[in-house]
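See structure below.
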Amino acid sequence: MHDQPSLDGYEWPVCVTPRCKRQLWIAEAGRWACRPCEDATATRISELPALFRRLDTTAMLTRGARNPGAGTTGSRTPPIPPRLDVLNLVGPGGIAARLRDIEDAWRSALSWTIAPWRGNPAEAIPHHARFLTDNLLWACSSYESVGQDIADLRRLHAQCKALTEQKPKTGQVKIGLCPVQIDDQPCGTQLTASTRSFKTTCPTCDTSWEGEQQWRVLRRAQEQVTAETAQTAA
Ligand SMILES: [Zn+2]
Ligand SMILES: [Zn+2]
């Protein structure tokens, strides 16, 4: 009969966050995640709504420039800077969905009803962030799987931060050929733009496009030239 656990195999409890490995203090006994992990996570959660808003601005502009409803024909014109990474994060499957998944898991562990519908990502993210902030202490104390969520939030935050702090790609990206007709021929000069600006000027014919609206016009004109060229070649 030995009810007493053997001390030989006893290991001081450590934080469940992957790669944290901090030993829990006596005052933290009974917790799953350590205090520093909780604090760092709280900061990350609080910064996510603002990071989203910054990403969403870039994405709005980019989205307008992508495919202005001109059918789905595979265009040969190089796309205007796609920033798919940004679009993925700000879209319905991005930051909002990842926060909602964590919220739902916590609610389920708490035996609460699942999160109500909170609208589009811009509307939902502040709500999810508030919920996670309000319940973070509970999760670190009582939710065994909190380590994975802390790691996921760390990755998500790092991804957003890296994108918002991204330096413009070494100057310019190619955004297709100039579609302006000169003597019945498209100008055809390679247009470039900074990844951060929606202005481009053709160095040959000096035509400028600025802003999302004009970029849609540019894009449409480029697609038309591509279509006509394809027709001539056929
Ligand atoms: Zn920790
Ligand atoms: Zn031109």
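Residues in the structure tokens are numbered from 1 in each chain, the chains being A, B, ... in the order shown, and ligands are numbered from 1 in the order shown.
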
Can I get the residues of chain A within 9 Å of ligand 2, each with the closest pair of atoms and their distance in Å to one decimal, using only C-alpha atoms and all ligand atoms, sorted chain first then ascending number, as JSON lines?
```
{"residue": "A:Leu177", "atom": "CA", "partner": "ligand 2", "partner_atom_place_in_ligand_line": "1 (Zn)", "distance": 7.8}
{"residue": "A:Cys178", "atom": "CA", "partner": "ligand 2", "partner_atom_place_in_ligand_line": "1 (Zn)", "distance": 4.6}
{"residue": "A:Pro179", "atom": "CA", "partner": "ligand 2", "partner_atom_place_in_ligand_line": "1 (Zn)", "distance": 6.7}
{"residue": "A:Val180", "atom": "CA", "partner": "ligand 2", "partner_atom_place_in_ligand_line": "1 (Zn)", "distance": 5.5}
{"residue": "A:Gln181", "atom": "CA", "partner": "ligand 2", "partner_atom_place_in_ligand_line": "1 (Zn)", "distance": 8.0}
{"residue": "A:Ile182", "atom": "CA", "partner": "ligand 2", "partner_atom_place_in_ligand_line": "1 (Zn)", "distance": 8.2}
{"residue": "A:Pro186", "atom": "CA", "partner": "ligand 2", "partner_atom_place_in_ligand_line": "1 (Zn)", "distance": 7.7}
{"residue": "A:Cys187", "atom": "CA", "partner": "ligand 2", "partner_atom_place_in_ligand_line": "1 (Zn)", "distance": 4.6}
{"residue": "A:Gly188", "atom": "CA", "partner": "ligand 2", "partner_atom_place_in_ligand_line": "1 (Zn)", "distance": 6.2}
{"residue": "A:Thr189", "atom": "CA", "partner": "ligand 2", "partner_atom_place_in_ligand_line": "1 (Zn)", "distance": 5.4}
{"residue": "A:Gln190", "atom": "CA", "partner": "ligand 2", "partner_atom_place_in_ligand_line": "1 (Zn)", "distance": 8.1}
{"residue": "A:Leu191", "atom": "CA", "partner": "ligand 2", "partner_atom_place_in_ligand_line": "1 (Zn)", "distance": 7.9}
{"residue": "A:Thr201", "atom": "CA", "partner": "ligand 2", "partner_atom_place_in_ligand_line": "1 (Zn)", "distance": 8.0}
{"residue": "A:Cys202", "atom": "CA", "partner": "ligand 2", "partner_atom_place_in_ligand_line": "1 (Zn)", "distance": 4.6}
{"residue": "A:Pro203", "atom": "CA", "partner": "ligand 2", "partner_atom_place_in_ligand_line": "1 (Zn)", "distance": 6.6}
{"residue": "A:Thr204", "atom": "CA", "partner": "ligand 2", "partner_atom_place_in_ligand_line": "1 (Zn)", "distance": 5.0}
{"residue": "A:Cys205", "atom": "CA", "partner": "ligand 2", "partner_atom_place_in_ligand_line": "1 (Zn)", "distance": 4.1}
{"residue": "A:Asp206", "atom": "CA", "partner": "ligand 2", "partner_atom_place_in_ligand_line": "1 (Zn)", "distance": 6.2}
{"residue": "A:Thr207", "atom": "CA", "partner": "ligand 2", "partner_atom_place_in_ligand_line": "1 (Zn)", "distance": 6.1}
{"residue": "A:Ser208", "atom": "CA", "partner": "ligand 2", "partner_atom_place_in_ligand_line": "1 (Zn)", "distance": 8.8}
```

- Task: Enumerate residues in contact with ligand 1: an atom-to-atom distance of at most 7 Å, counting only C-alpha atoms and all ligand atoms. Format the result as a PyMOL selection string.
- Result: chain A and resi 15-17+20-22+33-37

Residues as selected, C-alpha atoms, written as a JSON list (two decimals), in the first residue's frame, can you do that?
```json
[["chain", "number", "residue", "atom", "x", "y", "z"],
["A", 15, "CYS", "CA", 3.78, 26.21, -18.36],
["A", 16, "VAL", "CA", 1.85, 24.42, -21.10],
["A", 17, "THR", "CA", 2.67, 26.95, -23.80],
["A", 20, "CYS", "CA", 7.79, 28.24, -22.90],
["A", 21, "LYS", "CA", 8.90, 25.61, -20.40],
["A", 22, "ARG", "CA", 8.90, 28.06, -17.53],
["A", 33, "ALA", "CA", -0.02, 28.72, -18.47],
["A", 34, "CYS", "CA", 2.42, 30.97, -16.66],
["A", 35, "ARG", "CA", 1.90, 34.61, -15.89],
["A", 36, "PRO", "CA", 4.40, 35.95, -18.47],
["A", 37, "CYS", "CA", 2.61, 33.96, -21.18]]
```

- Task: Can you check which residues of region 7-224 of chain A DSSP gives as strand (DSSP E) on the backbone and send them as a PyMOL selection string?
- Result: chain A and resi 172-177+181-182+185-186+190-194+199-201+208-210

- Message: Please list as a PyMOL selection string every residue within 12 Å of Asp134 (chain A), counting only C-alpha atoms and excluding residues in the same chain fewer than 6 positions away.
- Response: chain A and resi 38+42+45-46+103+106+127-128+140

Would you mind exporting the chosen residues as a compact mmCIF listing (two decimals), in the first residue's frame, restricted to N, CA and C atoms?
```
# COMPACT_ATOMS: atom_id res chain seq x y z
N GLU A 38 0.61 34.73 -20.09
CA GLU A 38 -0.68 35.42 -20.05
C GLU A 38 -0.51 36.90 -20.42
N ALA A 42 -2.10 38.76 -23.60
CA ALA A 42 -3.04 39.88 -23.44
C ALA A 42 -2.63 41.04 -24.33
N ILE A 45 -3.41 40.14 -28.01
CA ILE A 45 -4.85 40.22 -28.30
C ILE A 45 -5.27 41.68 -28.44
N SER A 46 -4.77 42.52 -27.55
CA SER A 46 -5.20 43.92 -27.57
C SER A 46 -4.71 44.63 -28.82
N GLU A 103 -12.41 31.49 -29.43
CA GLU A 103 -13.55 31.86 -28.57
C GLU A 103 -14.52 30.68 -28.44
N TRP A 106 -13.19 28.01 -26.13
CA TRP A 106 -13.27 28.41 -24.72
C TRP A 106 -14.70 28.35 -24.22
N HIS A 127 -14.98 42.29 -30.98
CA HIS A 127 -15.76 41.48 -30.04
C HIS A 127 -15.00 40.24 -29.60
N HIS A 128 -14.40 39.56 -30.57
CA HIS A 128 -13.63 38.37 -30.22
C HIS A 128 -12.47 38.75 -29.29
N CYS A 140 -5.90 30.61 -18.86
CA CYS A 140 -4.55 30.28 -18.37
C CYS A 140 -4.63 29.46 -17.08
```

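Remark: for Ala105 (chain A), the closest of the candidate residues A:Asp85, A:Gln148, A:Arg130, A:Ala124 is A:Gln148 (distances computed over only C-alpha atoms).
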
- Query: Among region 3-225 of chain A, which residues carry a DSSP assignment of helix (DSSP H, G or I), reported as number ranges by chain?
  - Reply: A: 26-28, 35-66, 84-90, 95-109, 121-142, 146-164, 211-225

Please produce a file of those selected residues containing C-alpha atoms, as a compact mmCIF listing (two decimals), in the first residue's frame.
```
# COMPACT_ATOMS: atom_id res chain seq x y z
CA ILE A 26 4.05 28.37 -6.19
CA ALA A 27 1.61 31.25 -6.51
CA GLU A 28 0.80 29.95 -9.97
CA ARG A 35 1.90 34.61 -15.89
CA PRO A 36 4.40 35.95 -18.47
CA CYS A 37 2.61 33.96 -21.18
CA GLU A 38 -0.68 35.42 -20.05
CA ASP A 39 0.69 38.96 -20.11
CA ALA A 40 2.28 38.59 -23.54
CA THR A 41 -0.93 37.08 -24.89
CA ALA A 42 -3.04 39.88 -23.44
CA THR A 43 -0.85 42.41 -25.22
CA ARG A 44 -1.09 40.53 -28.50
CA ILE A 45 -4.85 40.22 -28.30
CA SER A 46 -5.20 43.92 -27.57
CA GLU A 47 -3.09 44.81 -30.60
CA LEU A 48 -4.87 42.58 -33.08
CA PRO A 49 -7.84 44.87 -33.85
CA ALA A 50 -5.53 47.75 -34.78
CA LEU A 51 -3.31 45.46 -36.83
CA PHE A 52 -6.39 44.24 -38.65
CA ARG A 53 -7.47 47.79 -39.46
CA ARG A 54 -4.07 48.58 -40.94
CA LEU A 55 -4.06 45.44 -43.03
CA ASP A 56 -7.60 45.96 -44.15
CA THR A 57 -6.78 49.33 -45.67
CA THR A 58 -4.07 47.90 -47.86
CA ALA A 59 -6.30 45.02 -48.76
CA MET A 60 -9.21 47.22 -49.77
CA LEU A 61 -7.02 48.96 -52.28
CA THR A 62 -5.55 45.76 -53.53
CA ARG A 63 -8.86 44.04 -53.83
CA GLY A 64 -10.21 46.85 -56.02
CA ALA A 65 -7.30 46.38 -58.34
CA ARG A 66 -7.53 42.64 -58.66
CA LEU A 84 -2.78 37.59 -51.21
CA ASP A 85 -1.23 37.11 -47.83
CA VAL A 86 -2.94 40.25 -46.61
CA LEU A 87 -6.23 39.36 -48.22
CA ASN A 88 -6.19 35.96 -46.57
CA LEU A 89 -5.71 37.51 -43.17
CA VAL A 90 -8.40 40.16 -43.44
CA ILE A 95 -7.88 36.77 -38.29
CA ALA A 96 -11.60 36.82 -37.51
CA ALA A 97 -12.03 33.09 -38.03
CA ARG A 98 -8.99 32.20 -35.97
CA LEU A 99 -10.14 34.34 -33.07
CA ARG A 100 -13.64 32.95 -33.36
CA ASP A 101 -12.34 29.38 -33.27
CA ILE A 102 -10.53 30.10 -30.03
CA GLU A 103 -13.55 31.86 -28.57
CA ASP A 104 -15.78 28.91 -29.52
CA ALA A 105 -13.38 26.43 -27.94
CA TRP A 106 -13.27 28.41 -24.72
CA ARG A 107 -17.03 28.80 -24.67
CA SER A 108 -17.43 25.10 -25.15
CA ALA A 109 -15.00 24.38 -22.29
CA PRO A 121 -14.37 40.65 -39.81
CA ALA A 122 -14.13 44.38 -39.11
CA GLU A 123 -17.14 44.17 -36.83
CA ALA A 124 -16.37 40.81 -35.29
CA ILE A 125 -12.69 41.13 -34.42
CA PRO A 126 -13.08 43.69 -31.61
CA HIS A 127 -15.76 41.48 -30.04
CA HIS A 128 -13.63 38.37 -30.22
CA ALA A 129 -10.66 40.29 -28.82
CA ARG A 130 -12.79 41.55 -25.94
CA PHE A 131 -14.04 38.06 -25.16
CA LEU A 132 -10.55 36.58 -25.20
CA THR A 133 -9.20 39.39 -23.04
CA ASP A 134 -12.00 38.99 -20.51
CA ASN A 135 -11.50 35.24 -20.27
CA LEU A 136 -7.75 34.95 -20.64
CA LEU A 137 -7.14 34.57 -16.93
CA TRP A 138 -9.69 31.77 -16.79
CA ALA A 139 -8.07 30.06 -19.79
CA CYS A 140 -4.55 30.28 -18.37
CA SER A 141 -5.81 28.96 -15.06
CA SER A 142 -8.33 26.35 -16.01
CA VAL A 146 -4.64 27.00 -23.60
CA GLY A 147 -1.03 26.45 -24.66
CA GLN A 148 -2.03 25.81 -28.28
CA ASP A 149 -4.18 28.92 -28.34
CA ILE A 150 -1.40 31.04 -26.89
CA ALA A 151 0.92 29.71 -29.58
CA ASP A 152 -1.67 30.32 -32.28
CA LEU A 153 -2.25 33.89 -31.15
CA ARG A 154 1.49 34.45 -31.09
CA ARG A 155 1.79 33.24 -34.70
CA LEU A 156 -1.20 35.25 -35.86
CA HIS A 157 0.09 38.40 -34.20
CA ALA A 158 3.57 37.89 -35.66
CA GLN A 159 2.12 37.36 -39.14
CA CYS A 160 0.10 40.57 -38.97
CA LYS A 161 2.95 42.54 -37.54
CA ALA A 162 5.39 41.35 -40.18
CA LEU A 163 3.00 42.41 -42.93
CA THR A 164 2.20 45.82 -41.51
CA GLY A 211 -6.24 55.86 -56.84
CA GLU A 212 -8.33 52.75 -56.79
CA GLN A 213 -10.89 54.02 -59.28
CA GLN A 214 -8.36 54.85 -61.95
CA TRP A 215 -6.55 51.60 -61.34
CA ARG A 216 -9.72 49.75 -62.16
CA VAL A 217 -9.86 51.69 -65.42
CA LEU A 218 -6.22 50.86 -66.08
CA ARG A 219 -6.81 47.22 -65.34
CA ARG A 220 -9.80 47.05 -67.64
CA ALA A 221 -7.87 48.73 -70.44
CA GLN A 222 -5.00 46.30 -69.97
CA GLU A 223 -7.35 43.35 -70.16
CA GLN A 224 -8.91 44.71 -73.30
CA VAL A 225 -5.51 45.08 -74.94
```

- Task: Give me, please, the distance in Å between CA of Ala230 (chain A) and CA of Val173 (chain A), quoted to one decimal.
- Result: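 That distance, rounded to one decimal, is 24.3 Å.
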
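Across the structure, CA of Glu11 (chain A) and CA of Trp32 (chain A) are spaced 14.4 Å apart.
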